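S.K.: Structure file data-v8.tsv (TSV, C-alpha atoms and all ligand atoms) right here:
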```
chain	number	residue	atom	x	y	z
A	1291	MET	CA	36.59	-36.99	28.31
A	1292	LYS	CA	39.13	-39.65	29.13
A	1293	GLY	CA	40.47	-37.75	32.13
A	1294	LYS	CA	37.00	-37.00	33.35
A	1295	SER	CA	35.74	-40.56	33.35
A	1296	GLN	CA	38.86	-41.71	35.13
A	1297	GLY	CA	38.48	-38.93	37.65
A	1298	SER	CA	34.86	-39.66	38.36
A	1299	GLY	CA	35.75	-42.46	40.71
A	1300	SER	CA	34.46	-45.98	41.03
A	1301	GLY	CA	30.85	-44.95	40.45
A	1302	GLY	CA	31.58	-43.89	36.90
A	1303	GLY	CA	33.68	-46.97	36.31
A	1304	MET	CA	30.88	-49.23	37.45
A	1305	MET	CA	28.41	-47.48	35.22
A	1306	HIS	CA	30.74	-47.98	32.30
A	1307	LYS	CA	31.03	-51.69	33.06
A	1308	TRP	CA	27.28	-52.13	33.12
A	1309	VAL	CA	26.88	-50.40	29.81
A	1310	LEU	CA	29.54	-52.61	28.24
A	1311	LEU	CA	27.92	-55.66	29.77
A	1312	ALA	CA	24.54	-54.69	28.34
A	1313	ILE	CA	26.03	-54.18	24.89
A	1314	GLY	CA	27.84	-57.49	25.15
A	1315	CYS	CA	24.62	-59.28	26.05
A	1316	ALA	CA	22.79	-57.69	23.15
A	1317	ILE	CA	25.49	-58.83	20.72
A	1318	VAL	CA	25.45	-62.36	22.07
A	1319	ALA	CA	21.66	-62.46	21.83
A	1320	ALA	CA	21.78	-61.18	18.26
A	1321	CYS	CA	24.35	-63.78	17.21
A	1322	ARG	CA	22.30	-66.54	18.72
A	1323	THR	CA	19.23	-65.65	16.75
A	1324	THR	CA	21.09	-65.10	13.48
A	1325	GLY	CA	24.37	-66.88	12.75
A	1326	ASP	CA	24.30	-69.76	15.18
A	1327	GLY	CA	20.72	-70.87	15.07
A	1328	GLU	CA	21.81	-74.39	14.25
A	1329	ALA	CA	23.37	-75.03	17.64
A	1330	GLU	CA	20.37	-73.58	19.42
A	1331	SER	CA	17.86	-75.66	17.50
A	1332	ARG	CA	19.65	-78.94	18.10
A	1333	PRO	CA	17.19	-81.28	19.74
A	1334	VAL	CA	17.59	-81.73	23.47
A	1335	GLY	CA	18.23	-85.31	24.54
A	1336	LYS	CA	16.29	-87.42	27.01
A	1337	PRO	CA	17.27	-86.61	30.60
A	1338	VAL	CA	19.85	-88.88	32.18
A	1339	LEU	CA	19.06	-87.80	35.74
A	1340	SER	CA	15.65	-88.12	37.35
A	1341	LYS	CA	13.87	-85.10	38.84
A	1342	ALA	CA	14.82	-86.33	42.31
A	1343	GLU	CA	18.48	-86.63	41.34
A	1344	LEU	CA	18.46	-83.14	39.85
A	1345	GLN	CA	16.97	-81.89	43.09
A	1346	GLN	CA	19.67	-83.62	45.13
A	1347	ALA	CA	22.37	-82.26	42.85
A	1348	ARG	CA	21.09	-78.76	43.57
A	1349	VAL	CA	21.64	-79.29	47.28
A	1350	ALA	CA	24.89	-81.26	47.19
A	1351	VAL	CA	26.33	-82.30	43.85
A	1352	ASN	CA	28.10	-85.62	43.89
A	1353	PHE	CA	30.38	-87.03	41.19
A	1354	ARG	CA	29.30	-90.64	41.49
A	1355	ASN	CA	25.55	-90.07	41.47
A	1356	HIS	CA	25.11	-86.98	39.36
A	1357	VAL	CA	28.10	-86.20	37.15
A	1358	ARG	CA	29.23	-89.68	36.23
A	1359	PRO	CA	25.94	-90.79	34.63
A	1360	ILE	CA	25.77	-87.64	32.49
A	1361	LEU	CA	29.33	-87.96	31.19
A	1362	GLU	CA	29.06	-91.71	30.62
A	1363	GLU	CA	25.85	-91.38	28.66
A	1364	ARG	CA	26.70	-88.28	26.65
A	1365	CYS	CA	30.47	-87.99	26.28
A	1366	LEU	CA	32.35	-91.23	26.87
A	1367	HIS	CA	31.46	-92.81	23.53
A	1368	CYS	CA	33.92	-90.43	21.95
A	1369	HIS	CA	36.06	-89.12	24.79
A	1370	ASN	CA	37.94	-92.28	25.67
A	1371	LYS	CA	41.46	-93.38	24.84
A	1372	ARG	CA	40.47	-95.90	22.20
A	1373	ALA	CA	38.08	-93.72	20.20
A	1374	MET	CA	40.24	-90.60	20.34
A	1375	PRO	CA	43.85	-91.54	20.99
A	1376	GLY	CA	45.90	-88.62	22.24
A	1377	LYS	CA	42.84	-86.39	22.55
A	1378	PHE	CA	40.53	-85.45	25.39
A	1379	SER	CA	39.86	-88.59	27.47
A	1380	LEU	CA	37.25	-88.44	30.19
A	1381	GLU	CA	38.02	-91.90	31.55
A	1382	THR	CA	39.98	-90.91	34.62
A	1383	ALA	CA	40.34	-87.78	36.71
A	1384	ALA	CA	44.04	-87.59	35.85
A	1385	GLU	CA	43.34	-87.66	32.11
A	1386	ALA	CA	40.37	-85.36	32.27
A	1387	MET	CA	42.22	-82.70	34.26
A	1388	LYS	CA	45.76	-82.99	33.02
A	1389	ASP	CA	45.79	-80.09	30.58
A	1390	GLY	CA	44.42	-77.66	33.18
A	1391	ARG	CA	41.90	-75.89	30.97
A	1392	ARG	CA	39.20	-78.42	30.16
A	1393	ILE	CA	38.14	-78.81	33.79
A	1394	VAL	CA	39.32	-75.93	35.98
A	1395	PRO	CA	38.27	-76.80	39.56
A	1396	GLY	CA	36.26	-73.95	41.08
A	1397	LYS	CA	35.86	-72.19	37.74
A	1398	ALA	CA	33.12	-73.61	35.57
A	1399	GLY	CA	33.07	-70.49	33.42
A	1400	GLN	CA	36.69	-71.02	32.39
A	1401	SER	CA	36.39	-74.77	31.84
A	1402	MET	CA	36.29	-75.91	28.20
A	1403	LEU	CA	33.97	-78.70	29.24
A	1404	ILE	CA	31.32	-76.10	30.11
A	1405	VAL	CA	32.24	-73.71	27.33
A	1406	VAL	CA	31.56	-76.32	24.65
A	1407	LEU	CA	28.15	-77.01	26.19
A	1408	THR	CA	27.07	-73.41	26.49
A	1409	THR	CA	28.54	-71.58	23.52
A	1410	GLY	CA	26.30	-70.72	20.60
A	1411	ASN	CA	29.06	-71.65	18.17
A	1412	HIS	CA	28.15	-75.00	16.65
A	1413	ALA	CA	31.75	-75.85	15.81
A	1414	LYS	CA	32.56	-75.90	19.49
A	1415	THR	CA	29.36	-77.43	20.75
A	1416	MET	CA	29.43	-80.85	22.33
A	1417	PRO	CA	28.45	-83.58	21.85
A	1418	ALA	CA	29.84	-83.27	18.32
A	1419	VAL	CA	26.83	-85.15	16.95
A	1420	GLY	CA	23.44	-86.04	18.41
A	1421	THR	CA	21.31	-84.30	20.97
A	1422	ALA	CA	22.23	-81.53	23.38
A	1423	PRO	CA	22.14	-82.18	27.12
A	1424	PRO	CA	19.14	-80.60	28.89
A	1425	SER	CA	20.12	-77.32	30.54
A	1426	GLU	CA	19.51	-78.80	34.02
A	1427	GLU	CA	22.30	-81.30	33.34
A	1428	VAL	CA	24.67	-78.62	32.15
A	1429	GLU	CA	23.87	-76.87	35.46
A	1430	VAL	CA	24.85	-80.02	37.34
A	1431	LEU	CA	28.22	-80.12	35.58
A	1432	LYS	CA	28.76	-76.43	36.26
A	1433	ARG	CA	27.91	-76.81	39.92
A	1434	TRP	CA	30.25	-79.77	40.22
A	1435	ILE	CA	33.18	-77.83	38.74
A	1436	ASP	CA	32.42	-74.72	40.80
A	1437	ALA	CA	32.33	-76.89	43.92
A	1438	GLY	CA	35.89	-78.05	43.19
A	1439	ALA	CA	35.40	-80.83	40.58
A	1440	GLU	CA	35.93	-83.60	43.08
A	1441	TRP	CA	36.44	-86.94	41.26
A	1442	PRO	CA	37.33	-89.95	43.42
A	1443	ARG	CA	40.51	-91.39	41.89
A	1444	GLU	CA	39.22	-94.95	41.86
A	1445	ILE	CA	36.34	-94.15	39.52
A	1446	THR	CA	37.02	-94.83	35.85
A	1447	LEU	CA	34.27	-93.83	33.43
A	1448	ARG	CA	32.98	-96.10	30.66
A	1449	PRO	CA	30.46	-95.30	27.94
A	1450	THR	CA	26.89	-96.35	28.72
A	1451	GLU	CA	25.94	-99.32	26.53
A	1501	LIG	C1	30.37	-87.96	18.68
A	1501	LIG	C2	31.62	-87.83	19.38
A	1501	LIG	C3	31.68	-86.85	20.55
A	1501	LIG	C4	30.86	-86.80	21.63
A	1501	LIG	C5	29.66	-87.68	21.96
A	1501	LIG	C6	31.38	-85.74	22.47
A	1501	LIG	N1	32.49	-85.20	21.90
A	1501	LIG	FE1	33.64	-83.66	22.68
A	1501	LIG	N2	34.82	-83.72	21.04
A	1501	LIG	C7	34.68	-84.58	19.97
A	1501	LIG	C8	35.68	-84.25	18.97
A	1501	LIG	C9	35.87	-84.97	17.64
A	1501	LIG	C10	36.43	-83.16	19.50
A	1501	LIG	C11	37.62	-82.45	18.87
A	1501	LIG	C12	38.85	-83.18	19.34
A	1501	LIG	C13	40.10	-82.45	19.03
A	1501	LIG	O1	40.27	-82.00	17.90
A	1501	LIG	O2	40.93	-82.35	19.94
A	1501	LIG	C14	35.87	-82.85	20.80
A	1501	LIG	C15	36.33	-81.85	21.63
A	1501	LIG	C16	35.84	-81.60	22.90
A	1501	LIG	C17	36.39	-80.62	23.82
A	1501	LIG	C18	37.55	-79.70	23.52
A	1501	LIG	C19	38.84	-80.39	23.84
A	1501	LIG	C20	39.98	-79.43	23.64
A	1501	LIG	O3	40.76	-79.32	24.55
A	1501	LIG	O4	40.06	-78.80	22.60
A	1501	LIG	C21	35.68	-80.68	24.96
A	1501	LIG	C22	35.89	-79.88	26.22
A	1501	LIG	C23	34.64	-81.68	24.76
A	1501	LIG	N3	34.79	-82.22	23.50
A	1501	LIG	C24	33.71	-82.02	25.70
A	1501	LIG	C25	32.68	-82.93	25.47
A	1501	LIG	C26	31.64	-83.21	26.44
A	1501	LIG	C27	31.53	-82.56	27.81
A	1501	LIG	C28	30.83	-84.14	25.87
A	1501	LIG	C29	29.58	-84.73	26.46
A	1501	LIG	C30	28.52	-83.80	26.82
A	1501	LIG	C31	31.35	-84.44	24.55
A	1501	LIG	N4	32.47	-83.69	24.34
A	1501	LIG	C32	30.81	-85.38	23.68
A	1501	LIG	C33	33.75	-85.58	19.85
A	1501	LIG	C34	32.71	-85.84	20.72
```
Could you express the structure from this file as structure tokens?
M.R.:
Amino acid sequence: MKGKSQGSGSGGGMMHKWVLLAIGCAIVAACRTTGDGEAESRPVGKPVLSKAELQQARVAVNFRNHVRPILEERCLHCHNKRAMPGKFSLETAAEAMKDGRRIVPGKAGQSMLIVVLTTGNHAKTMPAVGTAPPSEEVEVLKRWIDAGAEWPREITLRPTE
């Protein structure tokens, strides 16, 4: 059995991958509807970006116009040096990127910043309290990271009043 599937070439291997993927998806779906319903039912917050801005971000995402307002409104209240000394600060690019796993340029899927916004596990879901960002805004953050997570050094983020 083992020898056969290995010998069947890449076709068999691909098939195998798809089956595993399908099973994986089913498990994730099941968990979402059972154990982690709390995270899913968290109310979605008011949009920070307008429809026009979301549209622009789909064409060419820009830190200043699209990413900054989302982070300042939804994350900076907690993720700054004063509120959380020694923890994850999103004030400057250097701080936000220093540990190399929270924002991984080019790899949204591996970036903790995206993981905490997309996982069904409430314990790891950000913001820690309050409303969830609308999915369109999570998409903006993803697109920004996948495009290289460009953050002009002179921009320091502050929480929205
Ligand atoms: C109400 C406060 C609060 C808000 C708002 C908030 N966070 Fe957090 N966040 C926390 C706390 C507390 C932790 C856990 C810190 C720790 O133990 O290191 C955390 C942890 C994280 C981590 C994991 C850091 C690590 O390396 O383990 C990420 C990533 C994160 N937050 C992203 C975000 C993003 C993105 C937003 C905005 C959408 C956000 N957070 C909004 C309080 C908050």
S.K.: When you draw a straight line from atom CA of Arg1433 of chain A to atom CA of Ala1383 of chain A, how long is it in Å?
M.R.: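 Those two atoms sit 16.9 Å apart.
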S.K.: Please provide the set of residues having any atom within 9 Å of segment 1353-1355 of chain A, restricted to all atoms listed in the file, with same-chain residues fewer than 4 positions apart removed, written as a list in words.
M.R.: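 Neighbouring residues, sequence-local ones excluded: Leu1339, Glu1343, Ala1347, Pro1359, Trp1434, Ala1439, Glu1440, Trp1441, Pro1442 and Ile1445 of chain A.
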S.K.: As a ChimeraX atom specification, please: every protein or nucleic acid residue near ligand LIG 1501 (chain A) (cut-off 8 Å, counting all atoms listed in the file).
M.R.: /A:1360-1361,1363-1369,1374,1377-1378,1389,1391-1393,1401-1407,1414-1420,1422-1423
S.K.: List the neighbours of Thr1382 of chain A out to 8 Å using only C-alpha atoms; skip same-chain residues closer than 6 positions along the sequence, and give me the result as a ChimeraX atom specification.
M.R.: /A:1443,1445-1447
S.K.: Using Å and a single decimal, report how far atom CA of Arg1372 of chain A sits from atom CA of Pro1337 of chain A.
M.R.: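 Taking atom CA of Pro1337 of chain A as the start and atom CA of Arg1372 of chain A as the end point, the length is 26.4 Å.
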S.K.: Can you tell me how far atom CA of Ala1342 of chain A sits from atom CA of Arg1358 of chain A, in Å to one decimal?
M.R.: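 Answer for the atom CA of Ala1342 of chain A to atom CA of Arg1358 of chain A separation: 16.0 Å.
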S.K.: Any idea what's packed within 8 Å of Gly1396 of chain A, counting all atoms listed in the file, ignoring anything in its chain fewer than 3 positions away? Could you give it as a PyMOL selection string?
M.R.: chain A and resi 1435-1439
S.K.: With distances taken over only C-alpha atoms, which of A:Glu1444, A:Lys1432, A:Pro1333, A:Pro1449 is nearest to Gln1400 of chain A?
M.R.: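 Closest residue, counting only C-alpha atoms: A:Lys1432.
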S.K.: So, with all atoms listed in the file as the atoms that count, which of A:Val1394, A:Lys1371, A:Glu1426, A:Glu1381 lies closest to Val1338 of chain A?
M.R.: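 Among the listed residues, A:Glu1426 lies closest to Val1338 of chain A.
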S.K.: Using all atoms listed in the file, which of the listed residues (A:Lys1388, A:Ala1398, A:Lys1341, A:Gln1346) sits closest to Leu1431 of chain A?
M.R.: A:Ala1398
